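Asks: Next comes the structure file start.csv, holding CSV, C-alpha atoms and all ligand atoms.
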```csv
chain,number,residue,atom,x,y,z
S,1,MET,CA,109.5,117.9,91.7
S,2,SER,CA,106.4,120.0,92.3
S,3,ARG,CA,105.1,121.7,95.5
S,4,VAL,CA,101.5,120.8,96.4
S,5,HIS,CA,99.2,121.1,99.4
S,6,ALA,CA,98.9,118.1,101.7
S,7,VAL,CA,97.9,117.1,105.2
S,8,ARG,CA,100.7,115.5,107.3
S,9,VAL,CA,100.9,114.0,110.7
S,10,HIS,CA,103.9,115.5,112.6
S,11,LYS,CA,103.2,113.9,115.9
S,12,LEU,CA,101.0,110.9,116.6
S,13,GLY,CA,97.8,111.9,118.5
S,14,GLY,CA,94.4,113.6,118.1
S,15,PRO,CA,92.9,115.3,115.0
S,16,GLU,CA,94.7,118.5,116.0
S,17,GLU,CA,98.0,116.9,114.9
S,18,LEU,CA,96.8,117.0,111.2
S,19,ARG,CA,98.7,119.8,109.6
S,20,TYR,CA,97.8,121.4,106.2
S,21,GLU,CA,101.0,122.5,104.5
S,22,GLU,CA,103.0,122.4,101.3
S,23,ILE,CA,105.2,119.4,100.5
S,24,GLU,CA,107.3,118.3,97.6
S,25,VAL,CA,106.1,115.5,95.3
S,26,GLY,CA,108.7,113.8,93.1
S,27,GLU,CA,108.7,112.2,89.7
S,28,PRO,CA,107.2,108.7,89.3
S,29,GLY,CA,109.7,105.9,89.2
S,30,PRO,CA,109.5,102.5,87.4
S,31,GLY,CA,106.1,100.9,88.2
S,32,GLU,CA,104.6,104.2,89.4
S,33,ALA,CA,102.3,107.0,88.2
S,34,ARG,CA,101.8,110.5,89.5
S,35,VAL,CA,98.1,111.2,90.2
S,36,ARG,CA,96.4,114.6,90.6
S,37,HIS,CA,93.5,114.0,93.0
S,38,THR,CA,90.0,115.4,92.5
S,39,ALA,CA,88.5,113.6,95.5
S,40,ILE,CA,89.9,111.7,98.4
S,41,GLY,CA,88.1,109.0,100.5
S,42,LEU,CA,87.9,109.2,104.3
S,43,ASN,CA,88.5,105.9,106.1
S,44,PHE,CA,88.7,104.8,109.7
S,45,THR,CA,92.1,103.4,108.8
S,46,ASP,CA,93.3,107.0,108.5
S,47,VAL,CA,92.5,107.5,112.2
S,48,HIS,CA,94.6,104.4,113.1
S,49,PHE,CA,97.6,105.9,111.2
S,50,ARG,CA,97.1,109.3,112.9
S,51,THR,CA,97.0,107.8,116.4
S,52,GLY,CA,99.9,105.3,115.8
S,53,ARG,CA,97.8,102.1,116.0
S,54,TYR,CA,99.0,101.4,112.5
S,55,PRO,CA,102.7,102.4,112.1
S,56,LEU,CA,103.8,105.2,109.8
S,57,PRO,CA,107.3,104.6,108.3
S,58,ARG,CA,108.5,108.1,109.5
S,59,LEU,CA,107.2,111.5,110.7
S,60,PRO,CA,106.0,113.8,109.4
S,61,HIS,CA,103.9,111.7,107.0
S,62,VAL,CA,100.9,112.2,104.7
S,63,ILE,CA,98.0,109.8,105.5
S,64,GLY,CA,95.0,108.6,103.5
S,65,MET,CA,94.5,105.4,101.5
S,66,GLU,CA,91.8,106.1,98.9
S,67,ALA,CA,91.4,108.7,96.1
S,68,ALA,CA,90.4,109.4,92.5
S,69,GLY,CA,91.8,111.7,89.9
S,70,SER,CA,93.8,111.7,86.7
S,71,VAL,CA,97.3,110.5,85.8
S,72,GLU,CA,99.8,113.4,85.3
S,73,ALA,CA,102.9,111.3,84.4
S,74,VAL,CA,104.0,107.7,84.4
S,75,GLY,CA,107.4,106.3,85.4
S,76,PRO,CA,109.8,104.5,83.0
S,77,GLY,CA,108.3,101.4,81.4
S,78,VAL,CA,104.7,101.9,82.7
S,79,THR,CA,102.2,101.0,80.0
S,80,GLU,CA,99.1,100.0,82.1
S,81,VAL,CA,98.0,103.7,82.5
S,82,LYS,CA,99.0,106.9,80.7
S,83,ALA,CA,98.8,110.7,81.3
S,84,GLY,CA,95.2,111.9,81.2
S,85,ASP,CA,93.6,108.6,82.3
S,86,ARG,CA,91.0,108.9,85.0
S,87,VAL,CA,92.0,106.5,87.8
S,88,ALA,CA,91.2,105.5,91.4
S,89,TYR,CA,93.2,103.6,94.0
S,90,ALA,CA,93.0,101.7,97.3
S,91,SER,CA,96.5,102.2,98.5
S,92,ASP,CA,98.8,99.9,100.5
S,93,ALA,CA,100.7,102.8,102.1
S,94,PRO,CA,99.2,106.2,103.2
S,95,SER,CA,99.6,109.2,100.9
S,96,ALA,CA,96.2,110.3,99.7
S,97,TYR,CA,95.6,113.5,101.8
S,98,ALA,CA,97.3,115.6,99.1
S,99,GLU,CA,96.6,117.4,95.9
S,100,VAL,CA,99.1,115.0,94.1
S,101,THR,CA,100.7,111.7,95.0
S,102,VAL,CA,102.9,109.1,93.4
S,103,MET,CA,101.3,105.6,93.4
S,104,PRO,CA,102.4,102.1,92.4
S,105,ILE,CA,100.4,101.1,89.4
S,106,THR,CA,99.7,97.8,91.2
S,107,ARG,CA,97.0,99.7,93.1
S,108,LEU,CA,95.6,101.9,90.3
S,109,VAL,CA,92.5,101.1,88.3
S,110,LYS,CA,91.1,103.0,85.3
S,111,LEU,CA,87.7,104.4,85.9
S,112,PRO,CA,84.8,103.6,83.5
S,113,ASP,CA,82.8,106.7,82.3
S,114,PHE,CA,79.7,105.9,84.4
S,115,ILE,CA,81.6,106.3,87.7
S,116,ASP,CA,82.4,110.0,88.6
S,117,ASP,CA,85.4,110.9,90.6
S,118,GLU,CA,83.7,111.6,93.9
S,119,THR,CA,81.8,108.3,93.8
S,120,ALA,CA,85.1,106.5,93.0
S,121,ALA,CA,86.9,108.1,95.9
S,122,ALA,CA,84.1,107.2,98.2
S,123,THR,CA,83.8,103.6,97.0
S,124,ILE,CA,87.1,102.1,95.8
S,125,LEU,CA,88.7,101.1,99.1
S,126,LYS,CA,85.5,100.4,101.0
S,127,GLY,CA,83.9,98.6,98.0
S,128,LEU,CA,86.9,96.4,97.4
S,129,THR,CA,86.9,95.6,101.2
S,130,ALA,CA,83.2,94.6,101.0
S,131,GLN,CA,83.9,92.6,97.9
S,132,TYR,CA,86.7,90.4,99.3
S,133,LEU,CA,84.9,90.0,102.6
S,134,ILE,CA,81.6,88.7,101.2
S,135,ARG,CA,83.0,87.0,98.0
S,136,SER,CA,86.3,85.5,99.1
S,137,THR,CA,86.9,85.5,102.9
S,138,TYR,CA,83.4,83.8,103.1
S,139,ARG,CA,81.2,83.5,100.0
S,140,ILE,CA,77.8,84.5,101.3
S,141,LYS,CA,74.8,83.0,99.6
S,142,ALA,CA,71.0,82.8,99.8
S,143,PRO,CA,69.1,81.9,101.9
S,144,GLU,CA,71.8,82.5,104.7
S,145,THR,CA,71.4,85.1,107.4
S,146,ILE,CA,74.5,87.0,108.4
S,147,LEU,CA,75.5,89.6,111.0
S,148,ILE,CA,77.3,92.9,110.0
S,149,GLN,CA,78.6,95.1,112.8
S,150,ALA,CA,78.4,98.8,112.1
S,151,ALA,CA,76.0,98.2,109.3
S,152,ALA,CA,75.5,101.9,108.6
S,153,GLY,CA,79.2,102.6,108.2
S,154,GLY,CA,81.2,103.0,105.0
S,155,VAL,CA,82.1,99.3,104.5
S,156,GLY,CA,78.9,98.1,106.3
S,157,LEU,CA,76.5,99.8,103.9
S,158,ILE,CA,78.1,98.4,100.8
S,159,MET,CA,78.0,94.9,102.3
S,160,CYS,CA,74.3,95.4,103.1
S,161,GLN,CA,73.6,96.4,99.5
S,162,TRP,CA,75.5,93.5,98.0
S,163,ALA,CA,74.0,91.0,100.4
S,164,ARG,CA,70.5,92.1,99.5
S,165,HIS,CA,71.3,91.6,95.8
S,166,LEU,CA,72.5,88.0,96.6
S,167,GLY,CA,69.3,87.2,98.5
S,168,VAL,CA,71.1,87.0,101.9
S,169,ARG,CA,69.3,88.2,105.0
S,170,VAL,CA,71.3,90.8,107.0
S,171,ILE,CA,71.1,91.5,110.7
S,172,GLY,CA,73.1,94.7,111.2
S,173,THR,CA,74.2,96.5,114.4
S,174,VAL,CA,73.9,100.3,114.6
S,175,SER,CA,74.0,102.9,117.4
S,176,THR,CA,71.0,105.1,116.6
S,177,GLU,CA,67.5,105.1,115.0
S,178,GLU,CA,68.8,107.3,112.1
S,179,LYS,CA,71.5,104.8,111.3
S,180,ALA,CA,68.9,101.9,111.6
S,181,ALA,CA,66.8,103.6,109.0
S,182,LEU,CA,69.8,104.2,106.7
S,183,ALA,CA,70.9,100.6,107.1
S,184,LYS,CA,67.4,99.3,106.4
S,185,ALA,CA,67.1,101.5,103.2
S,186,ASN,CA,70.4,99.9,102.0
S,187,GLY,CA,69.5,96.3,102.4
S,188,CYS,CA,69.9,95.5,106.1
S,189,ASP,CA,66.7,93.5,106.8
S,190,ILE,CA,67.0,93.6,110.6
S,191,PRO,CA,68.8,96.6,112.1
S,192,VAL,CA,69.5,96.1,115.8
S,193,ILE,CA,70.3,99.2,117.8
S,194,TYR,CA,73.0,97.8,120.1
S,195,THR,CA,72.7,100.7,122.5
S,196,LYS,CA,69.1,99.5,123.4
S,197,GLU,CA,68.9,95.9,122.5
S,198,ASP,CA,70.8,92.7,123.4
S,199,VAL,CA,72.3,91.7,120.0
S,200,VAL,CA,73.2,88.1,121.0
S,201,ALA,CA,69.7,87.5,122.3
S,202,ARG,CA,68.1,88.9,119.2
S,203,VAL,CA,70.3,86.8,116.9
S,204,LYS,CA,69.5,83.7,118.9
S,205,ASP,CA,65.9,84.5,118.7
S,206,LEU,CA,66.0,85.0,115.0
S,207,THR,CA,67.9,81.7,114.4
S,208,ARG,CA,66.0,79.4,116.7
S,209,GLY,CA,69.0,79.5,119.1
S,210,GLU,CA,71.4,78.3,116.4
S,211,GLY,CA,73.5,81.4,115.5
S,212,LEU,CA,74.8,82.5,112.2
S,213,PRO,CA,77.2,80.9,109.6
S,214,VAL,CA,79.3,84.1,109.4
S,215,VAL,CA,79.6,87.4,111.3
S,216,TYR,CA,81.5,90.4,110.0
S,217,ASP,CA,83.1,92.7,112.6
S,218,GLY,CA,85.1,95.8,111.8
S,219,VAL,CA,84.6,97.3,115.3
S,220,GLY,CA,86.7,94.8,117.2
S,221,GLY,CA,87.5,95.5,120.9
S,222,SER,CA,84.0,96.5,122.0
S,223,THR,CA,82.2,93.8,119.9
S,224,TYR,CA,84.4,90.8,119.3
S,225,GLU,CA,82.9,88.8,122.3
S,226,MET,CA,79.3,89.5,121.1
S,227,SER,CA,80.3,88.6,117.5
S,228,LEU,CA,81.7,85.2,118.6
S,229,GLN,CA,78.6,84.4,120.5
S,230,CYS,CA,76.5,85.0,117.4
S,231,VAL,CA,78.3,82.4,115.3
S,232,LYS,CA,76.8,79.0,115.0
S,233,ARG,CA,78.6,75.7,115.4
S,234,ARG,CA,81.5,75.5,113.0
S,235,GLY,CA,80.7,79.0,111.7
S,236,LEU,CA,83.2,81.8,110.9
S,237,ALA,CA,83.9,85.1,112.7
S,238,VAL,CA,85.5,87.6,110.3
S,239,PHE,CA,87.3,90.4,112.1
S,240,TYR,CA,88.7,93.2,109.9
S,241,GLY,CA,89.0,96.4,111.9
S,242,SER,CA,89.2,98.0,115.3
S,243,ALA,CA,87.0,101.2,115.2
S,244,GLY,CA,85.9,100.1,118.7
S,245,GLY,CA,89.4,99.3,120.1
S,246,VAL,CA,91.9,96.4,119.8
S,247,ILE,CA,90.9,92.8,120.4
S,248,PRO,CA,92.8,91.6,123.4
S,249,PRO,CA,94.9,88.3,123.4
S,250,PHE,CA,92.6,85.4,123.1
S,251,ASP,CA,92.7,81.8,124.3
S,252,LEU,CA,92.2,79.6,121.2
S,253,TRP,CA,90.7,76.8,123.3
S,254,ARG,CA,87.6,79.0,123.7
S,255,LEU,CA,86.8,78.4,120.0
S,256,ASN,CA,86.4,74.7,120.8
S,257,ARG,CA,84.1,75.4,123.7
S,258,MET,CA,82.0,77.8,121.6
S,259,GLY,CA,81.3,75.2,118.9
S,260,SER,CA,84.5,74.6,117.0
S,261,LEU,CA,84.4,78.1,115.5
S,262,TYR,CA,86.6,79.5,112.8
S,263,VAL,CA,88.1,82.9,113.1
S,264,THR,CA,90.1,85.2,110.7
S,265,TYR,CA,91.4,88.7,111.0
S,266,ALA,CA,91.4,89.8,107.3
S,267,GLY,CA,93.3,92.6,105.6
S,268,LEU,CA,92.9,94.2,102.2
S,269,ALA,CA,96.6,93.9,101.3
S,270,ASP,CA,96.3,90.1,101.3
S,271,TYR,CA,93.3,90.2,99.0
S,272,LEU,CA,94.9,92.7,96.5
S,273,HIS,CA,98.1,90.9,96.3
S,274,THR,CA,98.7,91.5,92.6
S,275,ARG,CA,97.5,94.0,90.0
S,276,ASP,CA,95.5,91.2,88.3
S,277,GLU,CA,93.7,90.5,91.6
S,278,MET,CA,93.0,94.2,92.1
S,279,ILE,CA,91.6,94.5,88.6
S,280,GLU,CA,89.5,91.4,88.9
S,281,ARG,CA,87.9,92.5,92.2
S,282,ALA,CA,87.5,96.1,90.9
S,283,ASP,CA,85.7,94.8,87.8
S,284,GLU,CA,83.2,92.9,89.9
S,285,LEU,CA,82.7,96.0,92.1
S,286,PHE,CA,82.2,98.2,89.0
S,287,ALA,CA,79.7,95.8,87.6
S,288,MET,CA,77.7,96.0,90.8
S,289,MET,CA,77.9,99.8,90.6
S,290,LYS,CA,76.8,99.8,87.0
S,291,ASP,CA,73.7,97.7,87.9
S,292,GLY,CA,72.9,100.1,90.7
S,293,VAL,CA,73.4,97.3,93.4
S,294,VAL,CA,76.2,99.3,95.0
S,295,HIS,CA,75.7,103.0,95.3
S,296,VAL,CA,77.6,104.7,98.1
S,297,PRO,CA,75.8,107.6,99.8
S,298,ILE,CA,78.2,110.5,100.2
S,299,ASN,CA,76.8,111.9,103.4
S,300,GLN,CA,79.7,114.1,104.5
S,301,ARG,CA,82.0,116.4,102.4
S,302,TYR,CA,85.1,118.3,103.8
S,303,ARG,CA,87.8,120.5,102.3
S,304,LEU,CA,91.3,119.0,102.6
S,305,LYS,CA,92.4,121.8,105.0
S,306,ASP,CA,89.4,120.9,107.3
S,307,VAL,CA,90.2,117.2,107.5
S,308,ALA,CA,90.7,117.4,111.3
S,309,GLN,CA,86.9,117.9,111.5
S,310,ALA,CA,86.3,114.9,109.3
S,311,HIS,CA,88.3,112.8,111.8
S,312,ARG,CA,86.4,114.2,114.8
S,313,ASP,CA,83.1,113.4,113.2
S,314,LEU,CA,84.2,109.9,112.2
S,315,GLU,CA,85.6,109.0,115.6
S,316,SER,CA,82.5,110.4,117.5
S,317,ARG,CA,80.2,108.2,115.3
S,318,ARG,CA,78.6,111.3,113.7
S,319,THR,CA,79.2,110.1,110.2
S,320,SER,CA,77.2,107.5,108.2
S,321,GLY,CA,77.8,106.1,104.8
S,322,ALA,CA,80.9,107.5,103.1
S,323,SER,CA,82.7,110.9,103.5
S,324,ILE,CA,84.9,112.5,100.9
S,325,ILE,CA,87.6,115.2,101.1
S,326,ILE,CA,88.1,117.7,98.3
S,327,PRO,CA,91.7,118.8,97.7
R,401,LIG,N1,90.9,94.9,107.1
R,401,LIG,C1,90.6,95.6,106.0
R,401,LIG,O1,90.8,95.2,104.9
R,401,LIG,C2,89.9,96.9,106.1
R,401,LIG,C3,89.6,97.7,105.0
R,401,LIG,C4,88.9,98.9,105.2
R,401,LIG,C5,88.4,99.3,106.5
R,401,LIG,N2,88.7,98.4,107.5
R,401,LIG,C6,88.2,98.7,108.9
R,401,LIG,O2,86.8,98.6,108.8
R,401,LIG,C7,86.2,99.4,109.8
R,401,LIG,C8,85.1,100.2,109.2
R,401,LIG,O3,85.7,101.2,108.4
R,401,LIG,P1,84.9,102.4,107.8
R,401,LIG,O4,85.9,103.4,107.2
R,401,LIG,O5,83.8,101.9,106.9
R,401,LIG,O6,84.3,103.1,109.1
R,401,LIG,P2,82.8,103.3,109.5
R,401,LIG,O7,82.2,101.9,109.6
R,401,LIG,O8,82.2,104.3,108.6
R,401,LIG,O9,82.9,104.0,110.9
R,401,LIG,C9,83.1,103.2,112.0
R,401,LIG,C10,81.7,102.9,112.7
R,401,LIG,O10,82.0,101.9,113.7
R,401,LIG,C11,81.0,102.1,114.7
R,401,LIG,N3,81.7,102.1,116.0
R,401,LIG,C12,81.4,101.3,117.1
R,401,LIG,N4,82.2,101.6,118.1
R,401,LIG,C13,82.9,102.7,117.8
R,401,LIG,C14,83.8,103.5,118.5
R,401,LIG,N5,84.2,103.2,119.8
R,401,LIG,N6,84.4,104.5,117.9
R,401,LIG,C15,84.0,104.8,116.6
R,401,LIG,N7,83.2,104.1,115.9
R,401,LIG,C16,82.6,103.0,116.5
R,401,LIG,C17,80.2,103.4,114.4
R,401,LIG,O11,79.0,103.0,113.9
R,401,LIG,P3,77.7,103.0,115.0
R,401,LIG,O12,77.5,104.4,115.3
R,401,LIG,O13,76.6,102.4,114.3
R,401,LIG,O14,78.2,102.2,116.2
R,401,LIG,C18,81.1,104.1,113.3
R,401,LIG,O15,80.3,104.8,112.5
R,401,LIG,C19,87.3,100.2,110.4
R,401,LIG,O16,87.7,99.5,111.6
R,401,LIG,C20,88.4,100.1,109.4
R,401,LIG,O17,89.7,100.3,110.0
R,401,LIG,C21,89.4,97.3,107.4
```
Now, as a test, write the supplied structure out as structure tokens.
Replies:
Amino acid sequence: MSRVHAVRVHKLGGPEELRYEEIEVGEPGPGEARVRHTAIGLNFTDVHFRTGRYPLPRLPHVIGMEAAGSVEAVGPGVTEVKAGDRVAYASDAPSAYAEVTVMPITRLVKLPDFIDDETAAATILKGLTAQYLIRSTYRIKAPETILIQAAAGGVGLIMCQWARHLGVRVIGTVSTEEKAALAKANGCDIPVIYTKEDVVARVKDLTRGEGLPVVYDGVGGSTYEMSLQCVKRRGLAVFYGSAGGVIPPFDLWRLNRMGSLYVTYAGLADYLHTRDEMIERADELFAMMKDGVVHVPINQRYRLKDVAQAHRDLESRRTSGASIIIP
């Protein structure tokens, strides 16, 4: 057992419910490793756990899904990693907002030398999400045009970079001129400022009225209708998040009327089902990082004790690219 600093949610609610305090962290059991964090990733998912949109198993509870650091100890029988290894993880259960955590090795990957800890913490969860969305959920390919909602966000920017590398034309929605410039610099061919422009009309205009083979939407409640209207006949709408609210119950018959559309609501856990799958996806992501295709701009940095401000900034759309938290 060791006492470490962490941020826990005691009561579901606003950023003010995030409490910086000392907690006990135990020894790793079979299939686990204890990791000392050097950098922690900030994700919109963390907001969902804080507010209760995603359930926490009990309260108080540490939140956070993504971090990098080094292995301090491994549980009985663990051979995949050893003390001293530099590692990163995209977790299945929240526990990253802490100096130290115990993590199942199914979610741990060793870091190659060319990826520093801050970059790893900013990239591993968002990068694996982008990887499965554009390589597995739907395999994007040139010369397709696709739509990415919140193109200047953490996951959005990586998808733009990767799509550019594959020769895919990206239309991306953003809220401001600054975010449009950032998205464009990262591979979004046509940023559309949704606060000023009609996204559906623009997509129809750019595709001779046809629509797109695939639309990626991590915003949800405020955008799902627009996303569906941008999909072409027999195309796919991929929903994967609810930064803009929950998607209400939906009459499936409408998919028929809109052109026999396909719809999925994808989740990382189903695409990192085994350690082998995690390693395979991480290897592809790391190769893209080595080639300079994926490089995540860390545009915001916070101390762990100031994480409430990080949540305020993320929820009020003041962030772009990735944010990291230093323990
Ligand atoms: N299913 C999965 O496997 C998976 C994995 C990782 C993340 N996610 C989800 O993917 C989404 C993106 O995650 P992220 O961490 O990369 O976040 P992010 O995109 O960096 O931040 C969310 C962005 O959504 C846009 N947005 C639109 N309406 C919003 C609203 N009402 N409130 C706040 N933001 C709004 C904002 O961009 P603009 O200012 O341009 O509108 C904002 O910057 C989240 O919903 C997250 O939960 C899902």
Asks: If we count all atoms listed in the file and set the cut-off at 9 Å, which residues sit around Glu80 of chain S, ignoring sequence neighbours fewer than 2 positions away in its own chain? Please answer as an NGL selection string.
Replies: :S and (78 or 82 or 105)
Asks: Store the residues of this selection in a file with C-alpha atoms, as a compact mmCIF listing (two decimals), in the frame of the given file.
Replies:
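New file out-v7.txt:
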```
# COMPACT_ATOMS: atom_id res chain seq x y z
CA VAL S 78 104.70 101.90 82.70
CA LYS S 82 99.00 106.90 80.70
CA ILE S 105 100.40 101.10 89.40
```
Asks: Taking only C-alpha atoms into account, name the residue in S:Leu228, S:Ile324, S:Ala310, S:Ile279 that is nearest to Lys110 of chain S.
Replies: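 Between S:Leu228, S:Ile324, S:Ala310, S:Ile279, the residue approaching Lys110 of chain S most closely is S:Ile279.
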Asks: Would you kindly return, as a PyMOL selection string, each protein, DNA or RNA residue with an atom no farther than 6 Å from any atom of segment 85-89 of chain S, considering only C-alpha atoms and excluding same-chain residues fewer than 3 positions away?
Replies: chain S and resi 66-71+82+107-111
Asks: Would you work out the distance separating atom CA of Gly154 of chain S from atom CA of Arg275 of chain S, expressed in Å to one decimal?
Replies: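 Calculated distance between atom CA of Gly154 of chain S and atom CA of Arg275 of chain S is 23.9 Å.
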Asks: Please report the interatomic distance between atom CA of Leu261 of chain S and atom CA of Asp217 of chain S in Å with one decimal.
Replies: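 Spanning atom CA of Leu261 of chain S to atom CA of Asp217 of chain S is a straight-line distance of 14.9 Å.
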Asks: Which neighbours of segment 99-102 of chain S fall inside 7 Å, counting only C-alpha atoms, when residues of the same chain fewer than 5 positions from it are skipped, and could you give them as a VMD selection string?
Replies: chain S and resid 4 to 6 25 28 32 to 37 327
Asks: Using all atoms listed in the file, can you tell me which of S:Leu12, S:Leu125, S:Leu133, S:Met159 comes closest to Ile171 of chain S?
Replies: S:Met159
Asks: With only C-alpha atoms and all ligand atoms as the basis for distance, which of S:Phe114, S:Tyr54, S:Tyr224, S:Tyr240 is at the shortest distance from ligand LIG 401 (chain R)?
Replies: S:Tyr240
Asks: How far is it from atom CA of Ile325 of chain S to atom CA of Arg53 of chain S, in Å with one decimal?
Replies: 22.3 Å
